[in-house]
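Here is the file run20.txt (compact mmCIF, C-alpha atoms).
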```txt
# COMPACT_ATOMS: atom_id res chain seq x y z
CA MET U 1 0.00 0.00 0.00
CA SER U 2 2.95 2.35 0.57
CA SER U 3 4.52 2.01 -2.92
CA PRO U 4 2.15 4.34 -4.85
CA SER U 5 2.79 7.29 -2.51
CA PRO U 6 6.43 7.95 -3.38
CA SER U 7 5.72 7.58 -7.09
CA ARG U 8 3.17 10.43 -7.14
CA PRO U 9 5.68 13.24 -6.39
CA ALA U 10 8.11 11.77 -8.91
CA VAL U 11 5.47 11.93 -11.63
CA ASP U 12 4.44 15.48 -10.74
CA ALA U 13 8.05 16.67 -10.57
CA ARG U 14 8.57 15.82 -14.21
CA HIS U 15 6.31 18.66 -15.27
CA GLY U 16 6.26 21.18 -12.46
CA TRP U 17 6.95 24.90 -12.41
CA PRO U 18 10.67 24.69 -13.28
CA GLN U 19 9.85 22.72 -16.43
CA ALA U 20 7.11 25.21 -17.32
CA VAL U 21 9.51 28.13 -16.92
CA ALA U 22 12.07 26.37 -19.12
CA THR U 23 9.45 25.68 -21.80
CA VAL U 24 8.14 29.25 -21.94
CA LEU U 25 11.58 30.84 -21.86
CA ALA U 26 12.89 28.49 -24.55
CA GLY U 27 9.97 29.40 -26.80
CA LEU U 28 10.42 33.12 -26.19
CA VAL U 29 14.18 33.05 -26.78
CA ALA U 30 13.84 31.01 -29.97
CA MET U 31 11.18 33.33 -31.38
CA ALA U 32 13.12 36.46 -30.40
CA ALA U 33 16.31 35.11 -31.97
CA VAL U 34 14.62 34.33 -35.29
CA ALA U 35 12.79 37.67 -35.33
CA ALA U 36 15.93 39.65 -34.45
CA LEU U 37 18.06 37.93 -37.08
CA GLY U 38 15.37 38.39 -39.71
CA LEU U 39 14.86 42.07 -38.91
CA TRP U 40 18.62 42.65 -38.82
CA ALA U 41 18.97 41.03 -42.25
CA ALA U 42 16.14 43.29 -43.46
CA GLY U 43 18.09 46.37 -42.36
CA ALA U 44 16.25 47.18 -39.13
CA GLY U 45 19.48 47.05 -37.14
CA GLY U 46 20.13 50.68 -38.01
CA LEU U 47 16.96 52.01 -36.36
CA PRO U 48 17.71 54.81 -33.89
CA GLY U 49 17.60 54.42 -30.14
CA ASN U 50 16.05 51.27 -28.75
CA ALA U 51 13.67 50.96 -31.68
CA PHE U 52 15.17 47.70 -32.95
CA TRP U 53 14.28 45.68 -29.88
CA ARG U 54 10.87 47.30 -29.69
CA VAL U 55 10.25 46.25 -33.29
CA VAL U 56 11.39 42.75 -32.31
CA ALA U 57 8.82 42.80 -29.50
CA ALA U 58 6.12 43.93 -31.94
CA THR U 59 7.12 41.10 -34.27
CA LEU U 60 6.68 38.59 -31.44
CA VAL U 61 3.26 40.05 -30.68
CA THR U 62 2.08 39.65 -34.27
CA ALA U 63 3.64 36.17 -34.49
CA VAL U 64 1.17 34.85 -31.91
CA GLY U 65 -1.82 36.65 -33.43
CA GLY U 66 -1.70 39.78 -31.30
CA GLY U 67 -2.60 43.23 -32.55
CA VAL U 68 -0.29 46.19 -33.18
CA LYS U 69 -1.90 49.61 -33.74
CA MET U 70 -0.20 52.24 -35.88
CA SER U 71 -0.78 56.00 -35.76
CA GLY U 72 0.83 59.27 -36.80
CA ASP U 73 0.38 62.99 -37.31
CA VAL U 74 1.95 66.15 -38.75
CA GLY U 75 0.37 68.74 -36.52
CA GLY U 76 -3.18 69.99 -36.35
CA LEU U 77 -4.18 70.17 -40.02
CA ALA U 78 -2.17 67.33 -41.52
CA GLY U 79 -2.12 63.69 -40.58
CA THR U 80 -0.72 60.31 -41.44
CA SER U 81 -2.60 57.06 -41.69
CA ALA U 82 -0.87 53.74 -41.37
CA GLY U 83 -1.85 50.14 -40.85
CA LEU U 84 -0.16 46.77 -41.03
CA THR U 85 -1.59 43.30 -40.61
CA VAL U 86 0.77 40.42 -41.26
CA ILE U 87 1.90 37.37 -39.30
CA PRO U 88 5.62 36.49 -39.57
CA LEU U 89 5.03 32.77 -39.81
CA SER U 90 8.69 31.80 -39.57
CA VAL U 91 8.69 33.23 -36.04
CA THR U 92 5.31 31.63 -35.33
CA LEU U 93 6.46 28.21 -36.50
CA THR U 94 9.68 28.38 -34.49
CA GLY U 95 7.84 29.19 -31.30
CA ALA U 96 5.24 26.49 -31.91
CA LEU U 97 7.86 23.79 -32.42
CA VAL U 98 9.89 24.75 -29.34
CA VAL U 99 6.89 25.14 -27.01
CA ALA U 100 5.34 21.89 -28.26
CA ALA U 101 8.60 20.01 -27.67
CA GLY U 102 8.87 21.40 -24.15
CA PHE U 103 5.24 20.53 -23.42
CA LEU U 104 5.59 16.95 -24.63
CA ARG U 105 8.99 16.16 -23.15
CA PRO U 106 7.82 15.32 -19.57
CA LEU U 107 4.96 13.21 -20.96
CA ARG U 108 7.10 10.76 -22.90
CA HIS U 109 6.88 7.00 -22.42
CA ARG U 110 3.36 7.06 -21.07
CA ALA U 111 0.23 5.67 -22.68
CA VAL U 112 -2.47 7.38 -20.59
CA ALA U 113 -2.62 10.59 -18.57
CA GLY U 114 -5.48 11.99 -16.56
CA ALA U 115 -7.35 15.05 -17.79
CA ARG U 116 -6.60 16.87 -14.51
CA GLU U 117 -2.89 16.17 -14.83
CA LEU U 118 -2.73 17.43 -18.45
CA ALA U 119 -4.80 20.49 -17.59
CA GLY U 120 -2.51 21.32 -14.66
CA TRP U 121 0.61 21.00 -16.80
CA ALA U 122 -0.90 23.13 -19.56
CA GLY U 123 -2.17 25.65 -16.99
CA ARG U 124 1.34 26.22 -15.61
CA ILE U 125 2.64 26.98 -19.07
CA ALA U 126 -0.36 29.22 -19.85
CA ALA U 127 0.05 31.24 -16.64
CA LEU U 128 3.69 31.96 -17.43
CA TRP U 129 2.89 32.60 -21.07
CA VAL U 130 0.43 35.35 -20.10
CA LEU U 131 3.14 37.11 -18.09
CA VAL U 132 5.57 36.87 -21.00
CA LEU U 133 2.96 38.17 -23.45
CA LEU U 134 2.12 41.08 -21.17
CA ALA U 135 5.75 42.13 -20.83
CA THR U 136 6.33 41.77 -24.57
CA ALA U 137 3.22 43.75 -25.46
CA LEU U 138 4.16 46.59 -23.11
CA ALA U 139 7.62 46.75 -24.70
CA ALA U 140 6.22 46.80 -28.25
CA ARG U 141 5.74 50.54 -28.72
CA HIS U 142 7.75 53.26 -30.43
CA THR U 143 7.43 56.38 -32.60
CA PHE U 144 9.42 57.16 -35.73
CA GLU U 145 9.90 60.33 -37.72
CA VAL U 146 9.24 59.74 -41.43
CA SER U 147 11.52 61.52 -43.90
CA LEU U 148 9.55 63.16 -46.70
CA GLY U 149 12.50 63.74 -49.00
CA GLU U 150 12.01 66.64 -51.39
CA GLY U 151 9.12 68.25 -53.24
CA ALA U 152 5.52 68.89 -52.16
CA ALA U 153 5.65 66.42 -49.31
CA ALA U 154 8.67 68.17 -47.76
CA ASP U 155 6.93 71.54 -48.17
CA VAL U 156 3.93 70.20 -46.26
CA GLY U 157 6.23 69.06 -43.49
CA GLU U 158 7.86 72.47 -43.22
CA LEU U 159 4.47 74.20 -43.32
CA PHE U 160 3.23 72.34 -40.27
CA GLY U 161 6.45 72.45 -38.36
CA GLY U 162 8.01 69.02 -38.67
CA SER U 163 8.15 65.63 -40.30
CA PRO U 164 5.33 63.11 -40.04
CA ARG U 165 5.53 60.82 -37.05
CA VAL U 166 4.40 57.24 -37.27
CA GLY U 167 4.18 55.15 -34.16
CA PHE U 168 3.10 51.68 -33.18
CA ARG U 169 2.00 50.03 -29.98
CA ALA U 170 0.71 46.63 -29.13
CA ASP U 171 -2.97 46.31 -28.33
CA VAL U 172 -2.65 44.47 -25.02
CA PRO U 173 -6.08 42.81 -24.49
CA PRO U 174 -6.27 41.22 -27.99
CA THR U 175 -2.63 40.19 -27.66
CA LEU U 176 -3.32 38.32 -24.43
CA LEU U 177 -6.48 36.75 -25.83
CA PHE U 178 -5.10 35.62 -29.17
CA GLY U 179 -1.76 34.69 -27.62
CA LEU U 180 -3.56 32.30 -25.26
CA LEU U 181 -5.60 30.89 -28.13
CA TRP U 182 -2.36 30.40 -30.09
CA LEU U 183 -0.82 28.55 -27.15
CA ALA U 184 -3.91 26.38 -26.73
CA GLY U 185 -3.81 25.50 -30.42
CA VAL U 186 -0.13 24.59 -30.21
CA LEU U 187 -0.62 22.33 -27.19
CA VAL U 188 -3.69 20.60 -28.61
CA LEU U 189 -1.98 20.05 -31.96
CA ALA U 190 1.08 18.67 -30.18
CA MET U 191 -1.10 16.13 -28.40
CA LEU U 192 -2.77 15.19 -31.66
CA VAL U 193 0.42 14.83 -33.68
CA ALA U 194 2.75 13.10 -31.23
CA HIS U 195 2.24 9.36 -31.47
CA GLY U 196 3.63 8.71 -28.00
CA ALA U 197 1.82 11.52 -26.16
CA PRO U 198 -0.59 10.25 -23.49
CA LEU U 199 -4.27 11.03 -23.67
CA PRO U 200 -7.11 10.70 -21.18
CA GLY U 201 -8.66 7.25 -21.40
CA ARG U 202 -11.95 8.52 -22.81
CA LEU U 203 -10.17 10.10 -25.80
CA LEU U 204 -8.06 7.13 -26.78
CA ARG U 205 -10.67 5.76 -29.16
CA PHE U 206 -10.49 8.95 -31.25
CA ALA U 207 -6.71 8.89 -31.55
CA ALA U 208 -6.65 6.23 -34.29
CA ALA U 209 -8.71 8.42 -36.61
CA VAL U 210 -7.37 11.88 -35.76
CA ARG U 211 -3.67 11.43 -35.05
CA PRO U 212 -2.56 9.99 -38.42
CA ALA U 213 -4.29 12.77 -40.37
CA ALA U 214 -2.95 15.51 -38.08
CA TYR U 215 0.57 14.08 -38.30
CA ALA U 216 0.37 13.91 -42.10
CA MET U 217 -0.69 17.56 -42.35
CA VAL U 218 2.13 18.75 -40.08
CA VAL U 219 4.64 16.76 -42.15
CA LEU U 220 3.17 18.24 -45.34
CA LEU U 221 3.51 21.81 -44.07
CA LEU U 222 7.04 21.24 -42.76
CA THR U 223 8.06 19.65 -46.06
CA TYR U 224 6.92 22.77 -47.90
CA VAL U 225 8.94 24.89 -45.46
CA ALA U 226 12.03 22.72 -46.00
CA LEU U 227 11.67 23.06 -49.77
CA GLY U 228 11.27 26.82 -49.40
CA VAL U 229 14.45 27.05 -47.31
CA VAL U 230 16.39 25.05 -49.91
CA VAL U 231 15.10 27.26 -52.74
CA GLY U 232 15.90 30.38 -50.73
CA LEU U 233 19.47 29.25 -50.06
CA VAL U 234 19.96 28.51 -53.75
CA VAL U 235 18.60 31.95 -54.66
CA ALA U 236 20.85 33.63 -52.12
CA ALA U 237 23.89 31.83 -53.48
CA THR U 238 23.19 32.34 -57.19
CA ARG U 239 21.22 35.56 -57.64
CA GLY U 240 22.74 37.93 -55.12
CA HIS U 241 20.99 40.02 -52.45
CA PRO U 242 21.60 37.39 -49.73
CA ALA U 243 20.55 39.72 -46.89
CA GLU U 244 17.07 40.26 -48.33
CA THR U 245 16.71 36.54 -49.01
CA PHE U 246 17.70 35.59 -45.47
CA ALA U 247 15.29 38.19 -44.12
CA VAL U 248 12.47 36.46 -45.97
CA LEU U 249 13.60 33.02 -44.79
CA LEU U 250 13.81 34.12 -41.16
CA LEU U 251 10.56 36.07 -41.11
CA GLY U 252 8.17 34.74 -43.72
CA VAL U 253 9.15 31.62 -45.62
CA PRO U 254 5.98 29.78 -44.44
CA ASN U 255 3.93 32.75 -45.68
CA LEU U 256 5.27 32.13 -49.19
CA VAL U 257 5.44 28.33 -49.34
CA TRP U 258 2.05 27.74 -47.72
CA LEU U 259 0.61 30.29 -50.13
CA ALA U 260 2.25 28.19 -52.86
CA LEU U 261 0.53 25.09 -51.44
CA THR U 262 -2.90 26.69 -51.76
CA LEU U 263 -2.11 27.92 -55.29
CA GLY U 264 -0.93 24.45 -56.29
CA LEU U 265 -4.24 23.02 -55.09
CA GLY U 266 -6.13 25.50 -57.27
CA ALA U 267 -6.97 28.31 -54.84
CA THR U 268 -7.27 31.94 -55.92
CA TRP U 269 -6.18 35.02 -54.01
CA ASP U 270 -7.10 38.66 -54.62
CA GLY U 271 -4.61 41.43 -53.98
CA ARG U 272 -3.08 44.73 -54.93
CA VAL U 273 0.35 46.33 -54.63
CA GLU U 274 0.58 50.12 -54.92
CA GLY U 275 3.32 52.59 -54.09
CA PRO U 276 6.60 51.64 -52.43
CA PHE U 277 5.22 48.48 -50.88
CA GLY U 278 6.15 45.21 -52.48
CA LEU U 279 6.05 41.51 -51.81
CA PRO U 280 9.59 40.39 -50.91
CA MET U 281 9.99 37.39 -53.22
CA PRO U 282 9.50 36.02 -55.72
CA ARG U 283 9.18 39.16 -57.81
CA VAL U 284 6.53 37.55 -60.02
CA LEU U 285 3.99 38.02 -57.20
CA ASP U 286 4.60 41.75 -57.21
CA GLU U 287 4.22 41.85 -61.00
CA VAL U 288 0.88 40.03 -60.92
CA LEU U 289 -0.59 42.24 -58.18
CA ARG U 290 0.75 45.65 -59.21
CA VAL U 291 -2.33 46.56 -61.26
CA PRO U 292 -4.67 49.59 -61.26
CA ASP U 293 -7.53 47.61 -59.76
CA VAL U 294 -7.60 44.35 -57.78
CA GLY U 295 -5.30 41.64 -59.14
CA THR U 296 -6.09 37.93 -59.31
CA LEU U 297 -3.41 35.56 -58.06
CA ASN U 298 -3.57 31.92 -59.10
CA VAL U 299 -1.43 29.47 -61.03
CA GLY U 300 -2.78 30.74 -64.34
CA THR U 301 -1.94 34.40 -63.73
CA LEU U 302 1.47 33.47 -62.35
CA ALA U 303 2.17 31.31 -65.40
CA GLU U 304 1.48 34.29 -67.64
CA GLN U 305 4.51 35.95 -66.05
CA ASP U 306 6.62 32.83 -65.51
CA GLY U 307 5.78 29.40 -66.92
CA ARG U 308 7.55 27.68 -64.03
CA ALA U 309 4.49 28.44 -61.91
CA TRP U 310 2.94 25.19 -63.16
CA TRP U 311 5.49 23.36 -60.99
CA LEU U 312 3.32 24.38 -58.03
CA VAL U 313 0.66 21.98 -59.28
CA VAL U 314 3.26 19.24 -59.80
CA VAL U 315 4.66 19.64 -56.29
CA ALA U 316 1.18 19.54 -54.77
CA GLY U 317 0.36 16.53 -56.93
CA VAL U 318 3.30 14.66 -55.41
CA LEU U 319 3.30 15.81 -51.79
CA VAL U 320 -0.43 15.70 -51.04
CA PRO U 321 -0.85 12.03 -52.12
CA ALA U 322 2.37 11.31 -50.22
CA ALA U 323 0.72 12.78 -47.14
CA GLY U 324 -2.27 10.51 -47.79
CA PHE U 325 0.05 7.51 -47.99
CA LEU U 326 1.79 8.51 -44.76
CA MET U 327 -1.55 8.91 -43.01
CA ALA U 328 -2.70 5.49 -44.19
CA THR U 329 0.46 3.73 -43.00
CA ARG U 330 -0.04 5.15 -39.52
CA SER U 331 -3.74 4.26 -39.40
CA PRO U 332 -5.23 0.97 -38.16
CA ALA U 333 -5.22 -1.79 -40.77
CA ARG U 334 -9.00 -2.10 -40.64
CA THR U 335 -9.46 1.45 -42.00
CA ARG U 336 -11.02 1.35 -45.47
CA PRO U 337 -9.84 3.53 -48.39
CA TRP U 338 -13.00 5.66 -48.32
CA GLN U 339 -12.39 6.37 -44.64
CA HIS U 340 -8.87 7.49 -45.44
CA ALA U 341 -10.36 9.78 -48.07
CA VAL U 342 -12.77 11.37 -45.58
CA HIS U 343 -10.07 11.78 -42.93
CA LEU U 344 -7.59 13.43 -45.28
CA ALA U 345 -10.25 15.64 -46.86
CA ALA U 346 -11.26 17.02 -43.47
CA ALA U 347 -7.66 17.47 -42.37
CA LEU U 348 -6.54 19.17 -45.60
CA ALA U 349 -9.58 21.47 -45.63
CA LEU U 350 -8.85 22.58 -42.05
CA THR U 351 -5.18 23.05 -42.92
CA VAL U 352 -5.93 25.22 -45.95
CA LEU U 353 -8.50 27.21 -43.96
CA THR U 354 -5.87 27.91 -41.29
CA VAL U 355 -3.26 28.87 -43.87
CA CYS U 356 -5.67 31.24 -45.61
CA LEU U 357 -6.51 32.97 -42.33
CA MET U 358 -2.86 33.33 -41.27
CA ALA U 359 -1.26 34.30 -44.60
CA ARG U 360 -3.42 37.36 -45.34
CA ILE U 361 -1.58 40.68 -45.62
CA THR U 362 -2.78 44.27 -45.33
CA ALA U 363 -0.56 47.38 -45.30
CA HIS U 364 -1.24 51.07 -45.87
CA PHE U 365 0.55 54.37 -45.35
CA GLY U 366 -0.38 57.85 -46.50
CA LEU U 367 -0.13 61.54 -45.68
CA SER U 368 -3.12 63.87 -45.96
CA VAL U 369 -3.99 67.52 -45.36
CA LEU U 370 -7.42 68.41 -43.95
CA GLY U 371 -8.27 64.75 -44.46
CA ILE U 372 -8.08 65.05 -48.24
CA GLY U 373 -5.83 62.95 -50.39
CA ASP U 374 -2.49 61.19 -49.98
CA LEU U 375 0.27 63.74 -50.32
CA GLY U 376 3.15 61.53 -49.32
CA GLY U 377 4.49 61.30 -52.84
CA GLY U 378 6.69 58.24 -52.96
CA THR U 379 5.86 57.32 -49.36
CA ALA U 380 2.16 56.59 -49.82
CA GLY U 381 1.14 53.08 -50.67
CA ASP U 382 -1.28 50.24 -50.22
CA LEU U 383 -0.94 46.47 -50.22
CA PHE U 384 -3.35 43.65 -49.51
CA LEU U 385 -3.57 39.95 -50.21
CA ARG U 386 -6.62 37.91 -49.26
CA PRO U 387 -7.93 34.48 -50.30
CA ARG U 388 -11.18 33.45 -51.86
CA LEU U 389 -11.68 31.42 -48.74
CA TRP U 390 -14.44 28.94 -49.48
CA THR U 391 -13.14 28.19 -52.96
CA ALA U 392 -9.79 27.29 -51.40
CA VAL U 393 -11.45 25.07 -48.80
CA GLY U 394 -13.56 23.40 -51.51
CA VAL U 395 -10.61 22.46 -53.71
CA ALA U 396 -8.79 21.20 -50.60
CA LEU U 397 -11.71 18.89 -49.86
CA LEU U 398 -11.56 17.47 -53.38
CA TRP U 399 -7.79 16.99 -53.25
CA GLY U 400 -8.09 15.36 -49.83
CA LEU U 401 -10.72 12.89 -50.99
CA ALA U 402 -8.65 11.82 -54.00
CA ALA U 403 -5.30 11.75 -52.21
CA GLY U 404 -6.69 9.97 -49.15
CA PHE U 405 -8.33 7.24 -51.23
CA LEU U 406 -5.16 6.79 -53.29
CA GLY U 407 -2.99 6.71 -50.18
CA GLY U 408 -5.22 4.07 -48.62
CA LEU U 409 -4.86 1.84 -51.68
CA LEU U 410 -1.10 2.29 -51.89
CA ALA U 411 -0.63 1.57 -48.19
CA ARG U 412 -2.28 -1.84 -48.28
CA PRO U 413 0.83 -3.82 -49.37
CA VAL U 414 3.03 -2.26 -46.70
CA ARG U 415 0.81 -3.14 -43.76
CA ARG U 416 2.32 -5.34 -41.08
CA ARG U 417 1.04 -8.88 -41.21
CA GLY U 418 0.16 -8.86 -37.55
CA GLU U 419 -2.26 -5.99 -38.02
CA VAL U 420 -3.95 -7.58 -41.03
CA ALA U 421 -4.20 -10.96 -39.38
CA ALA U 422 -5.75 -9.44 -36.29
CA GLU U 423 -8.57 -7.79 -38.23
CA PRO U 424 -10.98 -10.82 -38.39
CA ASP U 425 -10.59 -11.39 -34.65
CA GLY U 426 -11.61 -7.78 -34.01
```
Let me see the file written as structure tokens.
Amino acid sequence: MSSPSPSRPAVDARHGWPQAVATVLAGLVAMAAVAALGLWAAGAGGLPGNAFWRVVAATLVTAVGGGVKMSGDVGGLAGTSAGLTVIPLSVTLTGALVVAAGFLRPLRHRAVAGARELAGWAGRIAALWVLVLLATALAARHTFEVSLGEGAAADVGELFGGSPRVGFRADVPPTLLFGLLWLAGVLVLAMLVAHGAPLPGRLLRFAAAVRPAAYAMVVLLLTYVALGVVVGLVVAATRGHPAETFAVLLLGVPNLVWLALTLGLGATWDGRVEGPFGLPMPRVLDEVLRVPDVGTLNVGTLAEQDGRAWWLVVVAGVLVPAAGFLMATRSPARTRPWQHAVHLAAALALTVLTVCLMARITAHFGLSVLGIGDLGGGTAGDLFLRPRLWTAVGVALLWGLAAGFLGGLLARPVRRRGEVAAEPDG
């Protein structure tokens, strides 16, 4: 009767407060390092004062879905308007991987864990995460003076006694809310993807259907990121401008490659690029969207500028069925091909929906007098990129049905004999 008592503290000690602190700090440091290196490569290291680290803090805020407000003015009669909505998904992905690894590490080598135990472990991490988010959001604020150069814009600045000032500050309540939702999504996805992660007993029966599909989607997304990194390194080595390329890799390579995934599946995005704003790479995106009205971005419009865009369909045609095959090999042998099709269709549709919501971009800056017109000359601009959401989800469903069914058929010969032989006894 006395043996269970000593084992209880040993189990709890494996995921107590010290482990929670280590997990949160590791995630924060990893995200800050990637954001700082990316911003430095982009040229932000020369910002005056302590602006660089405040921009890093703002980048961390946006990486977890938080909000950053922008504002500015040029005195009483003139004003600036500015706005930016973009998620640096390289930073987001880095934090998600590090936090998920820290969350799962104490739970290894266990088949079942109680709901109260998992909730307590997640609650420790969440409590510390809120404190980190609060400190980061309070640090994410600064004001810049915008140089107007020469001409009418400079005259306006002199008329009203100074240069335009543009500032930013984190919106604390949405940052805490969406940062907690981001953390919850990371922890839940980690439990779904990790084959060895323990679950409460009542949820074990759902693991066989959910975990293989979730794992396949994570592998698919990470494969696209790996391909994007390889392509970026080749571009940096062969076409010059390595600093700009590394800035994109460190801040937004998932933004580009997951956009490429949706385009390869047949999705369409609407967008516009006006003024000094531009999409970082590849340049063909900027060429398609720099139109007087709203531009249409899909494989067809990209191919009009560069025929290599059709490779996006080829890559999707290889990797998505491969994900279906991977899912089928990790599923129980009794699962039928049509069930694989349904599982992958649901998983791919949710994945594309998430990508479409995270990869949207909106940016605007302009100078006006008496609220009339943009007088910023070369400084005024507008950029947006948004998906045709339900069309993208629809084509993902169709691809998932086909790839899941095909993967289920291809996985039949590689099943272990023990699993197949056990099916009639079930």
Within 9 Å of Tyr215 in chain U, counting all atoms listed in the file, which residues show up once you throw out same-chain ones fewer than 6 positions away? Write them as a list in words, please. Leu192, Val193, Ala194, His195, Ala323, Leu326 and Met327 of chain U
Kindly extract all protein, DNA and RNA residues lying within 12 Å of the coordinates (5.4, 34.4, -18.6) given in the file, considering only C-alpha atoms, and supply them as an mmCIF file with C-alpha atoms, in the coordinates of the input.
```cif
data_model
loop_
_atom_site.group_PDB
_atom_site.id
_atom_site.type_symbol
_atom_site.label_atom_id
_atom_site.label_comp_id
_atom_site.auth_asym_id
_atom_site.auth_seq_id
_atom_site.Cartn_x
_atom_site.Cartn_y
_atom_site.Cartn_z
ATOM 1 C CA TRP U 17 6.950 24.900 -12.410
ATOM 2 C CA ALA U 20 7.110 25.210 -17.320
ATOM 3 C CA VAL U 21 9.510 28.130 -16.920
ATOM 4 C CA ALA U 22 12.070 26.370 -19.120
ATOM 5 C CA THR U 23 9.450 25.680 -21.800
ATOM 6 C CA VAL U 24 8.140 29.250 -21.940
ATOM 7 C CA LEU U 25 11.580 30.840 -21.860
ATOM 8 C CA ALA U 26 12.890 28.490 -24.550
ATOM 9 C CA GLY U 27 9.970 29.400 -26.800
ATOM 10 C CA LEU U 28 10.420 33.120 -26.190
ATOM 11 C CA GLY U 123 -2.170 25.650 -16.990
ATOM 12 C CA ARG U 124 1.340 26.220 -15.610
ATOM 13 C CA ILE U 125 2.640 26.980 -19.070
ATOM 14 C CA ALA U 126 -0.360 29.220 -19.850
ATOM 15 C CA ALA U 127 0.050 31.240 -16.640
ATOM 16 C CA LEU U 128 3.690 31.960 -17.430
ATOM 17 C CA TRP U 129 2.890 32.600 -21.070
ATOM 18 C CA VAL U 130 0.430 35.350 -20.100
ATOM 19 C CA LEU U 131 3.140 37.110 -18.090
ATOM 20 C CA VAL U 132 5.570 36.870 -21.000
ATOM 21 C CA LEU U 133 2.960 38.170 -23.450
ATOM 22 C CA LEU U 134 2.120 41.080 -21.170
ATOM 23 C CA ALA U 135 5.750 42.130 -20.830
ATOM 24 C CA THR U 136 6.330 41.770 -24.570
ATOM 25 C CA ALA U 137 3.220 43.750 -25.460
ATOM 26 C CA LEU U 176 -3.320 38.320 -24.430
ATOM 27 C CA GLY U 179 -1.760 34.690 -27.620
ATOM 28 C CA LEU U 180 -3.560 32.300 -25.260
#
```
From the list U:Val231, U:Ala51, U:Leu263, U:Gly66, which residue is nearest Leu249 in chain U when using only C-alpha atoms? U:Val231
Considering all atoms listed in the file, state which residue in the set U:Ala63, U:Ala207, U:Val34, U:Ala363 is at the smallest distance from Arg330 in chain U.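 So, comparing all the options, the nearest one is U:Ala207.
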Protein/DNA/RNA residues near (-8.2, 33.3, -46.3), cut 12 Å, only C-alpha atoms, as a PyMOL selection string: chain U and resi 258-259+262+267-271+349-361+384-393
For a quick check of understanding, using only C-alpha atoms, which of U:Ala243, U:Val186, U:Val225, U:Ala216 has the smallest distance to Leu39 in chain U? U:Ala243
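Closest approach to Thr335 in chain U from the set U:Gly295, U:Gly232, U:Gly317, U:Pro212 is made by U:Pro212, with distances taken over all atoms listed in the file.
When the distance limit is 12 Å and all atoms listed in the file are what count, the residues near Leu47 in chain U, minus those fewer than 4 positions from it on the same chain, are U:Leu39, U:Trp40, U:Ala42, U:Gly43, U:Ala51, U:Phe52, U:Trp53, U:Arg54, U:Val55, U:Val56, U:His142, U:Thr143, U:Phe144, U:Glu145.
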With all atoms listed in the file as the basis for distance, which of U:Arg272, U:Leu261, U:Val284, U:His340 is at the shortest distance from Trp311 in chain U? U:Leu261
Would you compute the box with edges along x, y and z of the file around range 117-127 of chain U, including every atom the file lists for it and 8 Å extra on each side, and give its centre and edge lengths in Å to one decimal, as JSON?
```
{"center_x": -1.1, "center_y": 23.7, "center_z": -17.3, "size_x": 23.4, "size_y": 31.1, "size_z": 21.2}
```
If you measure from CA of Phe178 in chain U to CA of Val210 in chain U, what distance in Å do you get, rounded to one decimal?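 Going from CA of Phe178 in chain U over to CA of Val210 in chain U covers 24.7 Å.
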Any idea what's packed within 9 Å of Arg108 in chain U, counting all atoms listed in the file, ignoring anything in its chain fewer than 5 positions away? Could you give it as a ChimeraX atom specification? /U:196-198
Atom-to-atom span, CA of Gly307 in chain U and CA of Leu348 in chain U, Å: 26.7 Å
With a distance cut-off of 12 Å and only C-alpha atoms, select the neighbouring residues of Val257 in chain U, excluding the residue or stretch itself and same-chain residues fewer than 4 positions from it, and output the selection as a ChimeraX atom specification. /U:89-90,220-232,248-249,252-253,261-264,281-282,312,315-316,355,359
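Counting from CA of Ser331 in chain U, the distance to CA of Gly408 in chain U is 9.3 Å.
Distance annotation: of U:Leu187, U:Val314, U:Ala96, U:Ala322, the residue with the minimal separation from Leu410 in chain U is U:Ala322; atom set is only C-alpha atoms.
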